[in-house]
Structures are given as structure tokens and as C-alpha cells.
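One file, coords18.pdb, carrying PDB, C-alpha atoms:
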ATOM      1  CA  MET A1253      20.156  -8.331 -64.693  1.00  0.00           C
ATOM      2  CA  THR A1254      22.559 -10.998 -65.814  1.00  0.00           C
ATOM      3  CA  ASP A1255      20.419 -11.466 -68.923  1.00  0.00           C
ATOM      4  CA  LEU A1256      21.484  -8.031 -70.172  1.00  0.00           C
ATOM      5  CA  PRO A1257      24.219  -8.084 -72.812  1.00  0.00           C
ATOM      6  CA  ASP A1258      27.822  -7.643 -71.708  1.00  0.00           C
ATOM      7  CA  VAL A1259      28.739  -4.693 -73.930  1.00  0.00           C
ATOM      8  CA  ASP A1260      31.012  -1.797 -73.014  1.00  0.00           C
ATOM      9  CA  VAL A1261      29.385   1.446 -74.125  1.00  0.00           C
ATOM     10  CA  HIS A1262      29.980   5.169 -73.862  1.00  0.00           C
ATOM     11  CA  MET A1263      27.624   7.930 -72.830  1.00  0.00           C
ATOM     12  CA  ILE A1264      28.007  11.651 -73.362  1.00  0.00           C
ATOM     13  CA  ARG A1265      26.617  14.869 -71.978  1.00  0.00           C
ATOM     14  CA  PRO A1266      27.332  17.265 -74.859  1.00  0.00           C
ATOM     15  CA  THR A1267      26.833  20.348 -72.706  1.00  0.00           C
ATOM     16  CA  LEU A1268      27.253  21.037 -69.033  1.00  0.00           C
ATOM     17  CA  ASP A1269      24.542  23.685 -68.994  1.00  0.00           C
ATOM     18  CA  ALA A1270      21.617  23.272 -66.587  1.00  0.00           C
ATOM     19  CA  LEU A1271      23.353  20.750 -64.352  1.00  0.00           C
ATOM     20  CA  PRO A1272      21.222  18.941 -61.809  1.00  0.00           C
ATOM     21  CA  ASP A1273      21.745  19.848 -58.163  1.00  0.00           C
ATOM     22  CA  TRP A1274      20.569  16.890 -56.128  1.00  0.00           C
ATOM     23  CA  PRO A1275      21.588  16.962 -52.469  1.00  0.00           C
ATOM     24  CA  LEU A1276      22.903  13.881 -50.751  1.00  0.00           C
ATOM     25  CA  PRO A1277      20.377  12.149 -48.504  1.00  0.00           C
ATOM     26  CA  ALA A1278      20.402  13.099 -44.813  1.00  0.00           C
ATOM     27  CA  GLY A1279      23.313  11.570 -42.942  1.00  0.00           C
ATOM     28  CA  TYR A1280      25.730  11.559 -45.881  1.00  0.00           C
ATOM     29  CA  SER A1281      28.462  14.030 -46.788  1.00  0.00           C
ATOM     30  CA  LEU A1282      31.216  14.421 -49.376  1.00  0.00           C
ATOM     31  CA  ARG A1283      34.915  14.737 -48.772  1.00  0.00           C
ATOM     32  CA  ALA A1284      37.869  15.110 -51.124  1.00  0.00           C
ATOM     33  CA  TYR A1285      40.557  12.503 -51.719  1.00  0.00           C
ATOM     34  CA  GLN A1286      43.396  12.565 -49.208  1.00  0.00           C
ATOM     35  CA  GLN A1287      46.850  11.057 -49.363  1.00  0.00           C
ATOM     36  CA  GLY A1288      46.563   7.342 -48.597  1.00  0.00           C
ATOM     37  CA  ASP A1289      42.984   6.886 -49.843  1.00  0.00           C
ATOM     38  CA  MET A1290      43.943   4.406 -52.551  1.00  0.00           C
ATOM     39  CA  GLN A1291      43.181   1.422 -50.300  1.00  0.00           C
ATOM     40  CA  ARG A1292      39.808   2.887 -49.303  1.00  0.00           C
ATOM     41  CA  TRP A1293      38.998   3.239 -53.010  1.00  0.00           C
ATOM     42  CA  VAL A1294      40.073  -0.361 -53.696  1.00  0.00           C
ATOM     43  CA  ASP A1295      38.078  -1.663 -50.699  1.00  0.00           C
ATOM     44  CA  LEU A1296      34.907   0.070 -51.900  1.00  0.00           C
ATOM     45  CA  HIS A1297      35.275  -1.538 -55.314  1.00  0.00           C
ATOM     46  CA  LEU A1298      36.033  -4.943 -53.822  1.00  0.00           C
ATOM     47  CA  ASP A1299      32.801  -4.676 -51.857  1.00  0.00           C
ATOM     48  CA  ALA A1300      30.566  -3.474 -54.672  1.00  0.00           C
ATOM     49  CA  GLU A1301      31.985  -4.528 -58.057  1.00  0.00           C
ATOM     50  CA  PRO A1302      29.987  -7.521 -59.354  1.00  0.00           C
ATOM     51  CA  PHE A1303      31.817  -8.171 -62.611  1.00  0.00           C
ATOM     52  CA  PHE A1304      35.568  -8.149 -61.933  1.00  0.00           C
ATOM     53  CA  GLN A1305      38.057  -7.724 -59.117  1.00  0.00           C
ATOM     54  CA  VAL A1306      39.467  -4.219 -58.753  1.00  0.00           C
ATOM     55  CA  ASN A1307      42.908  -3.748 -57.243  1.00  0.00           C
ATOM     56  CA  ALA A1308      45.621  -1.149 -56.691  1.00  0.00           C
ATOM     57  CA  GLU A1309      46.876  -1.673 -60.245  1.00  0.00           C
ATOM     58  CA  HIS A1310      43.521  -0.421 -61.588  1.00  0.00           C
ATOM     59  CA  PHE A1311      43.884   2.669 -59.430  1.00  0.00           C
ATOM     60  CA  MET A1312      47.410   3.348 -60.685  1.00  0.00           C
ATOM     61  CA  GLU A1313      46.506   2.663 -64.323  1.00  0.00           C
ATOM     62  CA  SER A1314      43.652   5.154 -64.090  1.00  0.00           C
ATOM     63  CA  PHE A1315      45.210   7.872 -61.937  1.00  0.00           C
ATOM     64  CA  GLY A1316      48.939   7.201 -61.575  1.00  0.00           C
ATOM     65  CA  ASP A1317      50.025   9.788 -64.133  1.00  0.00           C
ATOM     66  CA  HIS A1318      48.117  12.525 -62.312  1.00  0.00           C
ATOM     67  CA  LEU A1319      48.064  11.628 -58.609  1.00  0.00           C
ATOM     68  CA  GLU A1320      48.489  15.319 -57.802  1.00  0.00           C
ATOM     69  CA  ALA A1321      45.037  16.003 -59.302  1.00  0.00           C
ATOM     70  CA  LEU A1322      43.164  13.587 -57.040  1.00  0.00           C
ATOM     71  CA  PRO A1323      42.500  15.953 -54.077  1.00  0.00           C
ATOM     72  CA  ASP A1324      40.652  18.215 -56.514  1.00  0.00           C
ATOM     73  CA  ARG A1325      38.899  15.525 -58.567  1.00  0.00           C
ATOM     74  CA  MET A1326      38.177  12.390 -56.506  1.00  0.00           C
ATOM     75  CA  PHE A1327      35.430  12.450 -53.911  1.00  0.00           C
ATOM     76  CA  PHE A1328      34.239  10.055 -51.241  1.00  0.00           C
ATOM     77  CA  VAL A1329      30.788   9.878 -49.708  1.00  0.00           C
ATOM     78  CA  GLN A1330      30.741   9.261 -45.971  1.00  0.00           C
ATOM     79  CA  ASN A1331      27.939   8.163 -43.688  1.00  0.00           C
ATOM     80  CA  ARG A1332      27.230   9.615 -40.229  1.00  0.00           C
ATOM     81  CA  ALA A1333      29.939   7.404 -38.738  1.00  0.00           C
ATOM     82  CA  ARG A1334      32.436   8.957 -41.189  1.00  0.00           C
ATOM     83  CA  GLU A1335      32.868   5.650 -43.001  1.00  0.00           C
ATOM     84  CA  ASP A1336      33.563   5.908 -46.731  1.00  0.00           C
ATOM     85  CA  VAL A1337      30.596   4.375 -48.537  1.00  0.00           C
ATOM     86  CA  GLY A1338      31.035   5.674 -52.085  1.00  0.00           C
ATOM     87  CA  SER A1339      33.456   7.317 -54.476  1.00  0.00           C
ATOM     88  CA  ILE A1340      33.380   9.171 -57.793  1.00  0.00           C
ATOM     89  CA  THR A1341      36.037  10.911 -59.842  1.00  0.00           C
ATOM     90  CA  ALA A1342      35.618  14.020 -61.998  1.00  0.00           C
ATOM     91  CA  TRP A1343      38.400  13.089 -64.435  1.00  0.00           C
ATOM     92  CA  TRP A1344      39.217  14.097 -67.989  1.00  0.00           C
ATOM     93  CA  GLN A1345      40.384  12.820 -71.369  1.00  0.00           C
ATOM     94  CA  ASP A1346      42.711  15.091 -73.349  1.00  0.00           C
ATOM     95  CA  ASP A1347      41.527  13.809 -76.742  1.00  0.00           C
ATOM     96  CA  TRP A1348      38.709  11.324 -76.355  1.00  0.00           C
ATOM     97  CA  ARG A1349      38.181   9.351 -79.560  1.00  0.00           C
ATOM     98  CA  GLY A1350      39.877  12.087 -81.578  1.00  0.00           C
ATOM     99  CA  ARG A1351      37.160  14.561 -80.580  1.00  0.00           C
ATOM    100  CA  GLY A1352      39.216  16.826 -78.358  1.00  0.00           C
ATOM    101  CA  PRO A1353      39.159  17.236 -74.577  1.00  0.00           C
ATOM    102  CA  TRP A1354      36.251  15.926 -72.484  1.00  0.00           C
ATOM    103  CA  GLY A1355      35.496  15.747 -68.804  1.00  0.00           C
ATOM    104  CA  GLN A1356      34.952  12.191 -67.606  1.00  0.00           C
ATOM    105  CA  ILE A1357      32.784  10.664 -64.896  1.00  0.00           C
ATOM    106  CA  HIS A1358      35.107   7.896 -63.789  1.00  0.00           C
ATOM    107  CA  TRP A1359      35.025   4.901 -61.436  1.00  0.00           C
ATOM    108  CA  VAL A1360      31.708   5.448 -59.661  1.00  0.00           C
ATOM    109  CA  VAL A1361      31.104   3.078 -56.742  1.00  0.00           C
ATOM    110  CA  VAL A1362      28.663   2.781 -53.846  1.00  0.00           C
ATOM    111  CA  ALA A1363      29.145   0.149 -51.143  1.00  0.00           C
ATOM    112  CA  LYS A1364      26.573  -2.666 -51.307  1.00  0.00           C
ATOM    113  CA  ALA A1365      25.042  -1.747 -47.949  1.00  0.00           C
ATOM    114  CA  HIS A1366      24.392   1.805 -49.180  1.00  0.00           C
ATOM    115  CA  GLN A1367      23.108   1.109 -52.696  1.00  0.00           C
ATOM    116  CA  ARG A1368      19.559   2.118 -53.636  1.00  0.00           C
ATOM    117  CA  ARG A1369      19.634   4.957 -51.089  1.00  0.00           C
ATOM    118  CA  GLY A1370      19.820   7.832 -53.556  1.00  0.00           C
ATOM    119  CA  LEU A1371      23.586   8.433 -53.550  1.00  0.00           C
ATOM    120  CA  SER A1372      24.629   7.987 -57.174  1.00  0.00           C
ATOM    121  CA  LYS A1373      22.723  10.908 -58.726  1.00  0.00           C
ATOM    122  CA  PRO A1374      23.969  13.457 -56.154  1.00  0.00           C
ATOM    123  CA  MET A1375      27.502  12.071 -56.541  1.00  0.00           C
ATOM    124  CA  THR A1376      27.314  12.381 -60.332  1.00  0.00           C
ATOM    125  CA  ALA A1377      25.818  15.875 -60.168  1.00  0.00           C
ATOM    126  CA  TYR A1378      28.603  16.979 -57.815  1.00  0.00           C
ATOM    127  CA  ALA A1379      31.302  15.536 -60.105  1.00  0.00           C
ATOM    128  CA  LEU A1380      29.696  17.175 -63.145  1.00  0.00           C
ATOM    129  CA  ARG A1381      29.856  20.555 -61.438  1.00  0.00           C
ATOM    130  CA  ARG A1382      33.577  19.969 -60.829  1.00  0.00           C
ATOM    131  CA  ILE A1383      34.100  18.928 -64.467  1.00  0.00           C
ATOM    132  CA  ALA A1384      32.244  22.043 -65.658  1.00  0.00           C
ATOM    133  CA  ARG A1385      34.979  24.244 -64.204  1.00  0.00           C
ATOM    134  CA  ASP A1386      37.372  22.984 -66.911  1.00  0.00           C
ATOM    135  CA  HIS A1387      35.281  21.355 -69.650  1.00  0.00           C
ATOM    136  CA  PRO A1388      32.112  22.202 -71.581  1.00  0.00           C
ATOM    137  CA  ARG A1389      31.090  18.537 -71.980  1.00  0.00           C
ATOM    138  CA  ALA A1390      31.469  15.154 -70.303  1.00  0.00           C
ATOM    139  CA  MET A1391      31.599  11.464 -71.151  1.00  0.00           C
ATOM    140  CA  LEU A1392      31.741   8.167 -69.332  1.00  0.00           C
ATOM    141  CA  ASP A1393      32.128   4.532 -70.143  1.00  0.00           C
ATOM    142  CA  THR A1394      30.000   1.798 -68.651  1.00  0.00           C
ATOM    143  CA  ASN A1395      28.620  -1.625 -69.441  1.00  0.00           C
ATOM    144  CA  THR A1396      25.063  -2.462 -70.446  1.00  0.00           C
ATOM    145  CA  ARG A1397      24.866  -4.938 -67.527  1.00  0.00           C
ATOM    146  CA  ARG A1398      24.933  -1.901 -65.199  1.00  0.00           C
ATOM    147  CA  ALA A1399      21.354  -0.872 -65.927  1.00  0.00           C
ATOM    148  CA  TRP A1400      20.728   0.960 -62.639  1.00  0.00           C
ATOM    149  CA  ALA A1401      23.920   2.980 -63.041  1.00  0.00           C
ATOM    150  CA  ILE A1402      22.822   3.779 -66.591  1.00  0.00           C
ATOM    151  CA  LYS A1403      19.459   4.982 -65.282  1.00  0.00           C
ATOM    152  CA  SER A1404      21.262   7.361 -62.945  1.00  0.00           C
ATOM    153  CA  TYR A1405      23.430   8.655 -65.800  1.00  0.00           C
ATOM    154  CA  LEU A1406      20.378   9.150 -68.019  1.00  0.00           C
ATOM    155  CA  ASP A1407      18.701  11.078 -65.199  1.00  0.00           C
ATOM    156  CA  CYS A1408      21.824  13.273 -65.039  1.00  0.00           C
ATOM    157  CA  GLY A1409      21.550  14.175 -68.721  1.00  0.00           C
ATOM    158  CA  PHE A1410      23.856  11.589 -70.322  1.00  0.00           C
ATOM    159  CA  LEU A1411      22.846   9.797 -73.512  1.00  0.00           C
ATOM    160  CA  PRO A1412      24.485   6.972 -75.444  1.00  0.00           C
ATOM    161  CA  ASP A1413      27.290   8.238 -77.654  1.00  0.00           C
ATOM    162  CA  PRO A1414      25.743   8.884 -81.093  1.00  0.00           C
ATOM    163  CA  ALA A1415      28.963   7.634 -82.708  1.00  0.00           C
ATOM    164  CA  GLU A1416      28.009   4.136 -81.525  1.00  0.00           C
ATOM    165  CA  ARG A1417      24.578   4.270 -83.181  1.00  0.00           C
ATOM    166  CA  THR A1418      25.992   2.829 -86.427  1.00  0.00           C
ATOM    167  CA  ASN A1419      26.986  -0.408 -84.655  1.00  0.00           C
ATOM    168  CA  GLU A1420      24.005  -2.766 -84.466  1.00  0.00           C
ATOM    169  CA  GLU A1421      25.451  -4.587 -81.423  1.00  0.00           C
ATOM    170  CA  TYR A1422      25.390  -1.324 -79.467  1.00  0.00           C
ATOM    171  CA  VAL A1423      21.882  -0.443 -80.601  1.00  0.00           C
ATOM    172  CA  GLN A1424      20.554  -3.890 -79.663  1.00  0.00           C
ATOM    173  CA  SER A1425      22.302  -3.658 -76.297  1.00  0.00           C
ATOM    174  CA  TRP A1426      20.686  -0.291 -75.628  1.00  0.00           C
ATOM    175  CA  ARG A1427      17.313  -1.761 -76.597  1.00  0.00           C
ATOM    176  CA  ALA A1428      17.830  -4.525 -74.028  1.00  0.00           C
ATOM    177  CA  VAL A1429      18.619  -1.926 -71.363  1.00  0.00           C
ATOM    178  CA  GLN A1430      15.555   0.082 -72.373  1.00  0.00           C
ATOM    179  CA  SER A1431      13.339  -3.007 -72.044  1.00  0.00           C
ATOM    180  CA  LEU A1432      14.203  -2.911 -68.333  1.00  0.00           C
ATOM    181  CA  LEU A1433      14.432   0.842 -67.691  1.00  0.00           C
ATOM    182  CA  HIS A1434      11.732   2.346 -69.937  1.00  0.00           C
ATOM    183  CA  HIS A1435      13.575   5.669 -69.680  1.00  0.00           C
ATOM    184  CA  PRO A1436      12.165   8.523 -71.812  1.00  0.00           C
ATOM    185  CA  ALA A1437      15.611   9.876 -72.778  1.00  0.00           C
ATOM    186  CA  LEU A1438      16.767   6.463 -73.971  1.00  0.00           C
ATOM    187  CA  ASP A1439      13.462   5.924 -75.763  1.00  0.00           C
ATOM    188  CA  HIS A1440      14.026   9.191 -77.650  1.00  0.00           C
ATOM    189  CA  TRP A1441      17.635   8.224 -78.517  1.00  0.00           C
ATOM    190  CA  LEU A1442      16.584   4.811 -79.824  1.00  0.00           C
ATOM    191  CA  ALA A1443      13.806   6.347 -81.945  1.00  0.00           C
ATOM    192  CA  ALA A1444      16.113   8.884 -83.626  1.00  0.00           C
TER
END

Is it possible to express this structure as C-alpha cells?
Amino acid sequence: MTDLPDVDVHMIRPTLDALPDWPLPAGYSLRAYQQGDMQRWVDLHLDAEPFFQVNAEHFMESFGDHLEALPDRMFFVQNRAREDVGSITAWWQDDWRGRGPWGQIHWVVVAKAHQRRGLSKPMTAYALRRIARDHPRAMLDTNTRRAWAIKSYLDCGFLPDPAERTNEEYVQSWRAVQSLLHHPALDHWLAA
């Protein structure tokens, strides 16, 4: 997938109605963030992040102003051995792009050894249900090189942000992703 363009893009779910409810595969469970989990979060990203090195500074930049919210908004997936193998955060933006408050799917990660096992969609669905308690809509940012993550987000009802449709670089990047995914929702968005 290295031939996909390296473009940071945004996706939105304009409503949180009819949320998917995918269960985690057998042997996996969710737990909430606990004091001291920052290093677990960093270690998961160090294991799985293919494009840059994540560190404690990334954690603090993203969450440091609201550490008290993490037990309610950050979740870890554990395997049968109670090892943390994934994480997702149901975060928020107070005024995203001047469009008011949005819930945010933030910093999704699955350890390499547990990827392609059906974890990301249940994680995202769970985080969306948490976001829906406070927000009527959700957004996320990603990169077009992350095609399999994008497929999961599309399956969860996210679409590319229509505000980016006027930028030809974004549209061409989404076309490149679609040439790999052939996803009906993205096909519809590109045809509009």
C-alpha cells in the first residue's frame, strides 16, 4: 500500500443514528483507561504504527489538557491473557473547523499480531456509542495510506468530509484508495 498517496484527510459521520453494534471476536474484551496506561498506549503504537514513531509527547499533546476524561473515553482491547492489544479513544473537538462541536474517533491502534482479526470495527462501534452520549455527529482524521483503516471507517458509516471535495488532491487521493477498496459508500461519494 505504499503506492497510495500520503495525504491527511478527514472523515465524518454526520449523524450517530443507527450505530453499528459489532461484538468483539471471541477471546477479546474491552476495558477503560486506568491511571498509568500512557506507556501501554505508547507501546501499542510503537508496535503497530508504520509511518512515524509515537511517543509520550504525542499522548500528552492529544490528551494532556483533559487527562481526567480518559477513564471515560479511552478504551483498550485485551486478549484472553489480559494483554492490551488495541486502543481507541472517543474524544471530541469543541469547534472542529469552525463547524461547532464534534465527537472524534482518535488514535486507533491494533497490535501487529492482532491485526486482521476483526477488532477495529467493534472498537470503532463501541467508541461511537460513547461519543453519541454527548455529540450528535463524529469525525476523524486519517491518512490515505491507511486504506484498511479507512475501509473499517467506511463500514462504520464514515464518509470523506464533503468540505474537502473542492480540493483536487483530496479527490484524487480518495480515487486511489477506492481503486484498492472498491467500497460502495466511497464509490457513491466520488460520484456525487

Sorted by chain and rising residue number, which residues of stretch 1327-1393 of chain A lie within 9 Å of stretch 1255-1262 of chain A, and what are their closest atom pairs and distances in Å to one decimal, counting all atoms listed in the file, as CSV?
residue,atom,partner,partner_atom,distance
A:Met1391,CA,A:His1262,CA,7.0
A:Leu1392,CA,A:His1262,CA,5.7
A:Asp1393,CA,A:His1262,CA,4.3

(Q) Quick check, in Å to one decimal: how far apart do atom CA of A:Val1423 and atom CA of A:Cys1408 lie? (A)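 Separation of atom CA of A:Val1423 and atom CA of A:Cys1408: 20.7 Å.
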
Q: Extract, using all atoms listed in the file, all DNA, RNA and protein residues at most 12 Å from A:Ala1365, discarding same-chain residues fewer than 2 positions from it, and format them as JSON, numbers by chain.
A: {"A": [1296, 1299, 1300, 1331, 1335, 1336, 1337, 1338, 1361, 1362, 1363, 1367, 1368, 1369, 1371]}

Kindly export the residues of the current selection with C-alpha atoms, as a CSV table (one decimal), in the frame of the given file.
chain,number,residue,atom,x,y,z
A,1296,LEU,CA,34.9,0.1,-51.9
A,1299,ASP,CA,32.8,-4.7,-51.9
A,1300,ALA,CA,30.6,-3.5,-54.7
A,1331,ASN,CA,27.9,8.2,-43.7
A,1335,GLU,CA,32.9,5.6,-43.0
A,1336,ASP,CA,33.6,5.9,-46.7
A,1337,VAL,CA,30.6,4.4,-48.5
A,1338,GLY,CA,31.0,5.7,-52.1
A,1361,VAL,CA,31.1,3.1,-56.7
A,1362,VAL,CA,28.7,2.8,-53.8
A,1363,ALA,CA,29.1,0.1,-51.1
A,1367,GLN,CA,23.1,1.1,-52.7
A,1368,ARG,CA,19.6,2.1,-53.6
A,1369,ARG,CA,19.6,5.0,-51.1
A,1371,LEU,CA,23.6,8.4,-53.6

**Q.** All residues 10 Å or closer to stretch 1315-1319 of chain A, only C-alpha atoms, same chain fewer than 4 positions away omitted, as an MDAnalysis selection string
**A.** chainID A and resid 1287 1309:1311 1323 1325:1326 1341 1343

(Q) Env of A:Ser1404: 10 Å cut, atoms = all atoms listed in the file, seq-sep filter 4 positions within chain, self excluded. Answer as a list in words. (A) Gly1370, Leu1371, Ser1372, Lys1373, Pro1374, Thr1376, Ala1399, Trp1400, Cys1408, Gly1409 and Phe1410 of chain A

(Q) Show me, as an NGL selection string, the residues that have an atom within 12 Å of A:Trp1426 when counting only C-alpha atoms, minus same-chain residues fewer than 5 positions from it. (A) :A and (1256-1263 or 1394-1399 or 1402-1403 or 1411-1414 or 1416-1417 or 1419-1421 or 1431-1435 or 1437-1443)

Q: Just give me the gap between atom CA of A:Tyr1405 and atom CA of A:Glu1320 in Å, one decimal is fine.
A: 27.1 Å

May I ask you to restore all heavy atoms in stretch 1254-1265 of chain A and write the result as an mmCIF file, keeping the file's coordinate frame?
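This is the output file part36.cif:
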data_model
loop_
_atom_site.group_PDB
_atom_site.id
_atom_site.type_symbol
_atom_site.label_atom_id
_atom_site.label_comp_id
_atom_site.auth_asym_id
_atom_site.auth_seq_id
_atom_site.Cartn_x
_atom_site.Cartn_y
_atom_site.Cartn_z
ATOM 1 N N THR A 1254 21.527 -10.263 -65.103
ATOM 2 C CA THR A 1254 22.559 -10.998 -65.814
ATOM 3 C C THR A 1254 22.149 -11.320 -67.241
ATOM 4 O O THR A 1254 22.983 -11.690 -68.043
ATOM 5 C CB THR A 1254 22.911 -12.300 -65.067
ATOM 6 O OG1 THR A 1254 21.710 -13.055 -64.875
ATOM 7 C CG2 THR A 1254 23.558 -11.994 -63.734
ATOM 8 N N ASP A 1255 20.850 -11.189 -67.563
ATOM 9 C CA ASP A 1255 20.419 -11.466 -68.923
ATOM 10 C C ASP A 1255 20.664 -10.285 -69.860
ATOM 11 O O ASP A 1255 20.450 -10.395 -71.059
ATOM 12 C CB ASP A 1255 18.947 -11.874 -68.954
ATOM 13 C CG ASP A 1255 18.037 -10.842 -68.305
ATOM 14 O OD1 ASP A 1255 18.521 -10.051 -67.483
ATOM 15 O OD2 ASP A 1255 16.840 -10.839 -68.632
ATOM 16 N N LEU A 1256 21.113 -9.157 -69.316
ATOM 17 C CA LEU A 1256 21.484 -8.031 -70.172
ATOM 18 C C LEU A 1256 22.798 -8.339 -70.874
ATOM 19 O O LEU A 1256 23.658 -9.024 -70.328
ATOM 20 C CB LEU A 1256 21.618 -6.755 -69.350
ATOM 21 C CG LEU A 1256 20.309 -6.166 -68.830
ATOM 22 C CD1 LEU A 1256 20.582 -5.028 -67.856
ATOM 23 C CD2 LEU A 1256 19.442 -5.688 -69.981
ATOM 24 N N PRO A 1257 22.977 -7.818 -72.085
ATOM 25 C CA PRO A 1257 24.219 -8.084 -72.812
ATOM 26 C C PRO A 1257 25.430 -7.469 -72.098
ATOM 27 O O PRO A 1257 25.316 -6.456 -71.419
ATOM 28 C CB PRO A 1257 23.999 -7.424 -74.174
ATOM 29 C CG PRO A 1257 22.776 -6.604 -74.056
ATOM 30 C CD PRO A 1257 22.043 -7.001 -72.824
ATOM 31 N N ASP A 1258 26.552 -8.102 -72.283
ATOM 32 C CA ASP A 1258 27.822 -7.643 -71.708
ATOM 33 C C ASP A 1258 28.555 -6.827 -72.770
ATOM 34 O O ASP A 1258 29.417 -7.333 -73.482
ATOM 35 C CB ASP A 1258 28.635 -8.862 -71.277
ATOM 36 C CG ASP A 1258 29.995 -8.498 -70.701
ATOM 37 O OD1 ASP A 1258 30.279 -7.303 -70.498
ATOM 38 O OD2 ASP A 1258 30.792 -9.428 -70.465
ATOM 39 N N VAL A 1259 28.168 -5.556 -72.892
ATOM 40 C CA VAL A 1259 28.739 -4.693 -73.930
ATOM 41 C C VAL A 1259 29.219 -3.400 -73.274
ATOM 42 O O VAL A 1259 28.454 -2.727 -72.576
ATOM 43 C CB VAL A 1259 27.697 -4.379 -75.038
ATOM 44 C CG1 VAL A 1259 28.273 -3.433 -76.073
ATOM 45 C CG2 VAL A 1259 27.216 -5.673 -75.687
ATOM 46 N N ASP A 1260 30.480 -3.066 -73.495
ATOM 47 C CA ASP A 1260 31.012 -1.797 -73.014
ATOM 48 C C ASP A 1260 30.539 -0.687 -73.941
ATOM 49 O O ASP A 1260 30.695 -0.786 -75.160
ATOM 50 C CB ASP A 1260 32.538 -1.831 -72.986
ATOM 51 C CG ASP A 1260 33.061 -2.809 -71.940
ATOM 52 O OD1 ASP A 1260 32.408 -2.979 -70.894
ATOM 53 O OD2 ASP A 1260 34.128 -3.405 -72.170
ATOM 54 N N VAL A 1261 29.950 0.345 -73.353
ATOM 55 C CA VAL A 1261 29.385 1.446 -74.125
ATOM 56 C C VAL A 1261 29.851 2.772 -73.538
ATOM 57 O O VAL A 1261 30.379 2.827 -72.432
ATOM 58 C CB VAL A 1261 27.838 1.375 -74.139
ATOM 59 C CG1 VAL A 1261 27.352 0.168 -74.915
ATOM 60 C CG2 VAL A 1261 27.276 1.394 -72.722
ATOM 61 N N HIS A 1262 29.622 3.813 -74.294
ATOM 62 C CA HIS A 1262 29.980 5.169 -73.862
ATOM 63 C C HIS A 1262 28.735 6.038 -73.853
ATOM 64 O O HIS A 1262 27.844 5.855 -74.683
ATOM 65 C CB HIS A 1262 31.032 5.764 -74.801
ATOM 66 C CG HIS A 1262 32.303 4.997 -74.775
ATOM 67 N ND1 HIS A 1262 32.537 3.918 -75.597
ATOM 68 C CD2 HIS A 1262 33.395 5.126 -73.998
ATOM 69 C CE1 HIS A 1262 33.734 3.428 -75.335
ATOM 70 N NE2 HIS A 1262 34.270 4.134 -74.369
ATOM 71 N N MET A 1263 28.721 6.971 -72.926
ATOM 72 C CA MET A 1263 27.624 7.930 -72.830
ATOM 73 C C MET A 1263 28.232 9.325 -72.795
ATOM 74 O O MET A 1263 29.352 9.505 -72.294
ATOM 75 C CB MET A 1263 26.789 7.671 -71.576
ATOM 76 C CG MET A 1263 26.154 6.289 -71.550
ATOM 77 S SD MET A 1263 25.178 5.978 -70.042
ATOM 78 C CE MET A 1263 23.697 6.944 -70.406
ATOM 79 N N ILE A 1264 27.499 10.281 -73.338
ATOM 80 C CA ILE A 1264 28.007 11.651 -73.362
ATOM 81 C C ILE A 1264 26.954 12.614 -72.810
ATOM 82 O O ILE A 1264 25.755 12.341 -72.848
ATOM 83 C CB ILE A 1264 28.417 12.099 -74.781
ATOM 84 C CG1 ILE A 1264 27.197 12.155 -75.715
ATOM 85 C CG2 ILE A 1264 29.502 11.195 -75.352
ATOM 86 C CD1 ILE A 1264 27.465 12.920 -77.009
ATOM 87 N N ARG A 1265 27.452 13.703 -72.313
ATOM 88 C CA ARG A 1265 26.617 14.869 -71.978
ATOM 89 C C ARG A 1265 27.248 15.998 -72.775
ATOM 90 O O ARG A 1265 28.286 16.538 -72.380
ATOM 91 C CB ARG A 1265 26.646 15.144 -70.480
ATOM 92 C CG ARG A 1265 25.503 16.046 -70.026
ATOM 93 C CD ARG A 1265 25.482 16.165 -68.505
ATOM 94 N NE ARG A 1265 24.223 16.647 -67.987
ATOM 95 C CZ ARG A 1265 23.790 17.899 -68.059
ATOM 96 N NH1 ARG A 1265 24.507 18.823 -68.665
ATOM 97 N NH2 ARG A 1265 22.644 18.242 -67.537
#
